[in-house]
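Participant: Sharing a structure below in structure tokens format, with a few things to ask.
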Amino acid sequence: MVVPTLIGLNTAIFLWTVVQAGSVNGNAAAPLFDEWALVPTLVWTGEWWRILTGGFLHIGPIHLLFNMLALWVLGRDMEMVLGRGRFLAVYLISLLGGSAAVMVFSAPNQAVAGASGAVFGLMGGLAVVLRRLRAPAGQVVGLIAVNLVISVIIPGISLLGHLGGLVVGAAVTAALVYAPVRNRTAVQAAALSGLTLLLLLLIAVTGLR
């Protein structure tokens with residue numbers, strides 16, 4: 001399954017930052033944060049990997065715990081419905097969507113880290129799946145609302161990254177579950193490629209401002 005693999009990867013990277021920093025709660029002092037965190041200015045200078053690697057860093061154990069718990073709860077159902085490859089696409093493109101929102105609207109020198117953009121993408125995606133199956137989506141919508149309120153209330157949380165992931169995750173999932181039966185795989189691949197290209201172009205254009 002993809003979900004346990006993602007959780008294991010995020011946890012391993014967190015442990016590596018703990019070793020580097022020599023501190024559990026102060027792991028953000030690890031050199032890996034300097035190399036991987038999403039910082040718009042550094043992305044514009046050519047360090048493009050940060051738009052993805054920033055989504056695998058977590059600041060402290062609580063940050064990691066909440067994101068991995070949400071990934072476990074939301075991800076298992078999504079992976080079961082979509083399949084491994086399509087689920088991974090939703091996760092990674094949602095992560096990219098969160099990064100794009102940060103790149104467009106955040107301060108150029110502000111460092112952002114965490115899998116929250118991808119996790120919010122799963123929330124938006126699950127709401128779309130339930131809508132497609134004509135199943136009640138009230139609990140998921142409520143979960144999204146509560147988490148958005150928390151994102152506003154608690155300082156230091158990237159609301160922009162959350163919103164970007166949420167919108168893009170819903171869009172990617174809609175492209176998957178509403179694709180026509182005829183040539184479905186080709187249509188899905190084209191839609192996901194188009195969304196990914198659009199996000200990359202959006203990120204690139206922000207560097208020209």
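Chain lettering (A, B, ...) mirrors the order of the structure tokens, residue numbering begins at 1 for each chain separately, and ligand numbering begins at 1 in order of display.
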Please build the interface table for stretch 26-120 of chain A against stretch 181-189 of chain A with a cut-off of 12 Å, listing for each qualifying residue the nearest atom pair and the distance in Å to one decimal; count only C-alpha atoms, order rows by chain and increasing number, and write it as a tab-separated table.

Facilitator:
```
residue	atom	partner	partner_atom	distance
A:Leu82	CA	A:Gln188	CA	11.7
A:Gly85	CA	A:Ala189	CA	11.1
A:Arg86	CA	A:Gln188	CA	9.2
A:Ala89	CA	A:Ala189	CA	10.0
A:Val90	CA	A:Gln188	CA	11.5
```

Participant: Export, as a JSON list (two decimals), in the first residue's frame, the selected residues with N, CA and C atoms.

Facilitator:
```json
[["chain", "number", "residue", "atom", "x", "y", "z"],
["A", 82, "LEU", "N", -9.38, 4.66, -5.38],
["A", 82, "LEU", "CA", -8.68, 5.12, -6.58],
["A", 82, "LEU", "C", -7.63, 4.13, -7.09],
["A", 85, "GLY", "N", -1.71, 3.89, -7.89],
["A", 85, "GLY", "CA", -1.12, 4.89, -8.76],
["A", 85, "GLY", "C", -1.89, 6.21, -8.76],
["A", 86, "ARG", "N", -3.20, 6.12, -8.88],
["A", 86, "ARG", "CA", -4.02, 7.33, -8.91],
["A", 86, "ARG", "C", -4.03, 8.04, -7.56],
["A", 89, "ALA", "N", -0.88, 9.96, -7.26],
["A", 89, "ALA", "CA", -0.96, 11.16, -8.09],
["A", 89, "ALA", "C", -1.73, 12.27, -7.37],
["A", 90, "VAL", "N", -2.85, 11.92, -6.73],
["A", 90, "VAL", "CA", -3.61, 12.91, -5.98],
["A", 90, "VAL", "C", -2.76, 13.51, -4.87]]
```

Participant: Mind listing the alpha helix (DSSP H) residues of stretch 32-77 of chain A, per DSSP on the backbone, as an mmCIF file with N, CA, C and O atoms, in the first residue's frame?

Facilitator:
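After the write, part23.cif holds the following:
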```cif
data_model
loop_
_atom_site.group_PDB
_atom_site.id
_atom_site.type_symbol
_atom_site.label_atom_id
_atom_site.label_comp_id
_atom_site.auth_asym_id
_atom_site.auth_seq_id
_atom_site.Cartn_x
_atom_site.Cartn_y
_atom_site.Cartn_z
ATOM 1 N N LEU A 32 19.086 19.683 6.897
ATOM 2 C CA LEU A 32 18.166 19.264 5.852
ATOM 3 C C LEU A 32 17.054 20.285 5.637
ATOM 4 O O LEU A 32 16.541 20.426 4.520
ATOM 5 N N PHE A 33 16.654 21.002 6.683
ATOM 6 C CA PHE A 33 15.641 22.045 6.522
ATOM 7 C C PHE A 33 16.173 23.170 5.638
ATOM 8 O O PHE A 33 15.425 23.734 4.832
ATOM 9 N N ASP A 34 17.443 23.508 5.796
ATOM 10 C CA ASP A 34 18.040 24.548 4.956
ATOM 11 C C ASP A 34 18.072 24.121 3.496
ATOM 12 O O ASP A 34 17.970 24.951 2.585
ATOM 13 N N GLU A 35 18.194 22.813 3.261
ATOM 14 C CA GLU A 35 18.324 22.308 1.904
ATOM 15 C C GLU A 35 16.987 21.974 1.248
ATOM 16 O O GLU A 35 16.867 22.022 0.027
ATOM 17 N N TRP A 36 15.953 21.650 2.059
ATOM 18 C CA TRP A 36 14.704 21.119 1.507
ATOM 19 C C TRP A 36 13.481 22.000 1.717
ATOM 20 O O TRP A 36 12.498 21.854 0.973
ATOM 21 N N PRO A 40 10.200 30.467 -1.349
ATOM 22 C CA PRO A 40 9.985 30.962 -2.713
ATOM 23 C C PRO A 40 11.210 31.562 -3.377
ATOM 24 O O PRO A 40 11.507 31.243 -4.543
ATOM 25 N N THR A 41 11.940 32.411 -2.668
ATOM 26 C CA THR A 41 13.116 33.054 -3.262
ATOM 27 C C THR A 41 14.136 32.038 -3.750
ATOM 28 O O THR A 41 14.722 32.194 -4.829
ATOM 29 N N LEU A 42 14.344 30.981 -2.963
ATOM 30 C CA LEU A 42 15.328 29.966 -3.332
ATOM 31 C C LEU A 42 14.843 29.117 -4.505
ATOM 32 O O LEU A 42 15.640 28.664 -5.327
ATOM 33 N N VAL A 43 13.537 28.896 -4.578
ATOM 34 C CA VAL A 43 12.986 28.176 -5.729
ATOM 35 C C VAL A 43 13.230 28.973 -7.000
ATOM 36 O O VAL A 43 13.628 28.418 -8.037
ATOM 37 N N TRP A 44 13.009 30.282 -6.926
ATOM 38 C CA TRP A 44 13.188 31.128 -8.099
ATOM 39 C C TRP A 44 14.637 31.169 -8.568
ATOM 40 O O TRP A 44 14.908 31.439 -9.741
ATOM 41 N N ARG A 50 12.577 22.044 -3.969
ATOM 42 C CA ARG A 50 11.943 22.466 -2.730
ATOM 43 C C ARG A 50 10.404 22.446 -2.805
ATOM 44 O O ARG A 50 9.745 22.328 -1.779
ATOM 45 N N ILE A 51 9.836 22.558 -3.998
ATOM 46 C CA ILE A 51 8.373 22.554 -4.104
ATOM 47 C C ILE A 51 7.797 21.183 -3.756
ATOM 48 O O ILE A 51 6.596 21.062 -3.469
ATOM 49 N N LEU A 52 8.631 20.152 -3.759
ATOM 50 C CA LEU A 52 8.207 18.815 -3.345
ATOM 51 C C LEU A 52 8.829 18.401 -2.023
ATOM 52 O O LEU A 52 8.147 17.883 -1.132
ATOM 53 N N THR A 53 10.124 18.633 -1.862
ATOM 54 C CA THR A 53 10.800 18.158 -0.654
ATOM 55 C C THR A 53 10.296 18.830 0.614
ATOM 56 O O THR A 53 10.299 18.212 1.687
ATOM 57 N N GLY A 60 8.864 19.301 14.548
ATOM 58 C CA GLY A 60 8.478 18.736 15.833
ATOM 59 C C GLY A 60 7.575 17.520 15.687
ATOM 60 O O GLY A 60 6.935 17.320 14.653
ATOM 61 N N PRO A 61 7.499 16.698 16.731
ATOM 62 C CA PRO A 61 6.731 15.448 16.665
ATOM 63 C C PRO A 61 5.224 15.641 16.549
ATOM 64 O O PRO A 61 4.540 14.813 15.948
ATOM 65 N N ILE A 62 4.686 16.705 17.128
ATOM 66 C CA ILE A 62 3.239 16.935 17.058
ATOM 67 C C ILE A 62 2.809 17.212 15.625
ATOM 68 O O ILE A 62 1.785 16.706 15.150
ATOM 69 N N HIS A 63 3.594 18.019 14.940
ATOM 70 C CA HIS A 63 3.325 18.329 13.532
ATOM 71 C C HIS A 63 3.300 17.039 12.711
ATOM 72 O O HIS A 63 2.384 16.799 11.908
ATOM 73 N N LEU A 64 4.305 16.195 12.928
ATOM 74 C CA LEU A 64 4.382 14.919 12.216
ATOM 75 C C LEU A 64 3.200 14.020 12.582
ATOM 76 O O LEU A 64 2.555 13.439 11.703
ATOM 77 N N LEU A 65 2.889 13.921 13.869
ATOM 78 C CA LEU A 65 1.829 13.026 14.336
ATOM 79 C C LEU A 65 0.482 13.380 13.729
ATOM 80 O O LEU A 65 -0.230 12.499 13.226
ATOM 81 N N PHE A 66 0.123 14.653 13.745
ATOM 82 C CA PHE A 66 -1.177 15.064 13.221
ATOM 83 C C PHE A 66 -1.282 14.801 11.722
ATOM 84 O O PHE A 66 -2.308 14.297 11.242
ATOM 85 N N ASN A 67 -0.223 15.111 10.984
ATOM 86 C CA ASN A 67 -0.276 14.900 9.535
ATOM 87 C C ASN A 67 -0.307 13.417 9.184
ATOM 88 O O ASN A 67 -1.032 13.001 8.273
ATOM 89 N N MET A 68 0.479 12.608 9.891
ATOM 90 C CA MET A 68 0.509 11.180 9.574
ATOM 91 C C MET A 68 -0.780 10.485 10.013
ATOM 92 O O MET A 68 -1.245 9.556 9.347
ATOM 93 N N LEU A 69 -1.376 10.932 11.098
ATOM 94 C CA LEU A 69 -2.663 10.378 11.525
ATOM 95 C C LEU A 69 -3.737 10.687 10.485
ATOM 96 O O LEU A 69 -4.536 9.818 10.110
ATOM 97 N N ALA A 70 -3.747 11.936 10.002
ATOM 98 C CA ALA A 70 -4.717 12.328 8.975
ATOM 99 C C ALA A 70 -4.474 11.554 7.683
ATOM 100 O O ALA A 70 -5.423 11.113 7.022
ATOM 101 N N LEU A 71 -3.208 11.367 7.332
ATOM 102 C CA LEU A 71 -2.874 10.598 6.132
ATOM 103 C C LEU A 71 -3.368 9.159 6.258
ATOM 104 O O LEU A 71 -3.913 8.594 5.307
ATOM 105 N N TRP A 72 -3.219 8.574 7.431
ATOM 106 C CA TRP A 72 -3.662 7.202 7.658
ATOM 107 C C TRP A 72 -5.184 7.085 7.562
ATOM 108 O O TRP A 72 -5.719 6.199 6.899
ATOM 109 N N VAL A 73 -5.890 7.994 8.215
ATOM 110 C CA VAL A 73 -7.355 7.935 8.258
ATOM 111 C C VAL A 73 -7.961 8.211 6.886
ATOM 112 O O VAL A 73 -8.851 7.495 6.424
ATOM 113 N N LEU A 74 -7.486 9.264 6.230
ATOM 114 C CA LEU A 74 -8.044 9.654 4.939
ATOM 115 C C LEU A 74 -7.495 8.811 3.784
ATOM 116 O O LEU A 74 -8.221 8.456 2.860
ATOM 117 N N GLY A 75 -6.218 8.519 3.870
ATOM 118 C CA GLY A 75 -5.547 7.885 2.749
ATOM 119 C C GLY A 75 -5.984 6.470 2.460
ATOM 120 O O GLY A 75 -6.058 6.063 1.299
ATOM 121 N N ARG A 76 -6.304 5.699 3.505
ATOM 122 C CA ARG A 76 -6.683 4.305 3.274
ATOM 123 C C ARG A 76 -7.933 4.193 2.417
ATOM 124 O O ARG A 76 -7.983 3.386 1.474
ATOM 125 N N ASP A 77 -8.937 5.005 2.713
ATOM 126 C CA ASP A 77 -10.173 4.977 1.919
ATOM 127 C C ASP A 77 -9.931 5.469 0.501
ATOM 128 O O ASP A 77 -10.433 4.883 -0.470
#
```

Participant: For A:Ala174, please output as a PyMOL selection string all residues within 8 Å (counting only C-alpha atoms; exclusion window: fewer than 5 positions along the same chain).

Facilitator: chain A and resi 125+128-129+179

Participant: My list of candidates is A:Ala135, A:Val168, A:Val112, A:Leu9. Which is closest to A:Leu96 when distances are computed with only C-alpha atoms?

Facilitator: A:Val168

Participant: Of the candidates A:Asn25, A:Ile59, A:Arg84, A:Ser99, which one gets nearest to A:Pro4 if we count only C-alpha atoms?

Facilitator: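 Comparing A:Asn25, A:Ile59, A:Arg84, A:Ser99 against A:Pro4, the winner is A:Arg84.
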
Participant: So what do you get for atom CA of A:Tyr91 versus atom CA of A:Pro180, distance-wise?

Facilitator: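 According to the coordinates, atom CA of A:Tyr91 and atom CA of A:Pro180 are separated by 22.1 Å.
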
Participant: List as a ChimeraX atom specification the protein and nucleic acid residues near A:Met103, meaning an atom at most 10 Å away when only C-alpha atoms are counted, but skip any in the same chain fewer than 5 places from it.

Facilitator: /A:38-41,43-44,51,97-98,108,110,160-161,202-207

Participant: Grab the atom CA of A:Gly124 to atom CA of A:Gly169 distance for me, in Å with one decimal place.

Facilitator: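 Separation between atom CA of A:Gly124 and atom CA of A:Gly169: 5.5 Å.
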
Participant: A:Met78, A:Val2, A:Ser94, A:Ala115: which is nearest A:Phe14, counting only C-alpha atoms?

Facilitator: A:Ala115
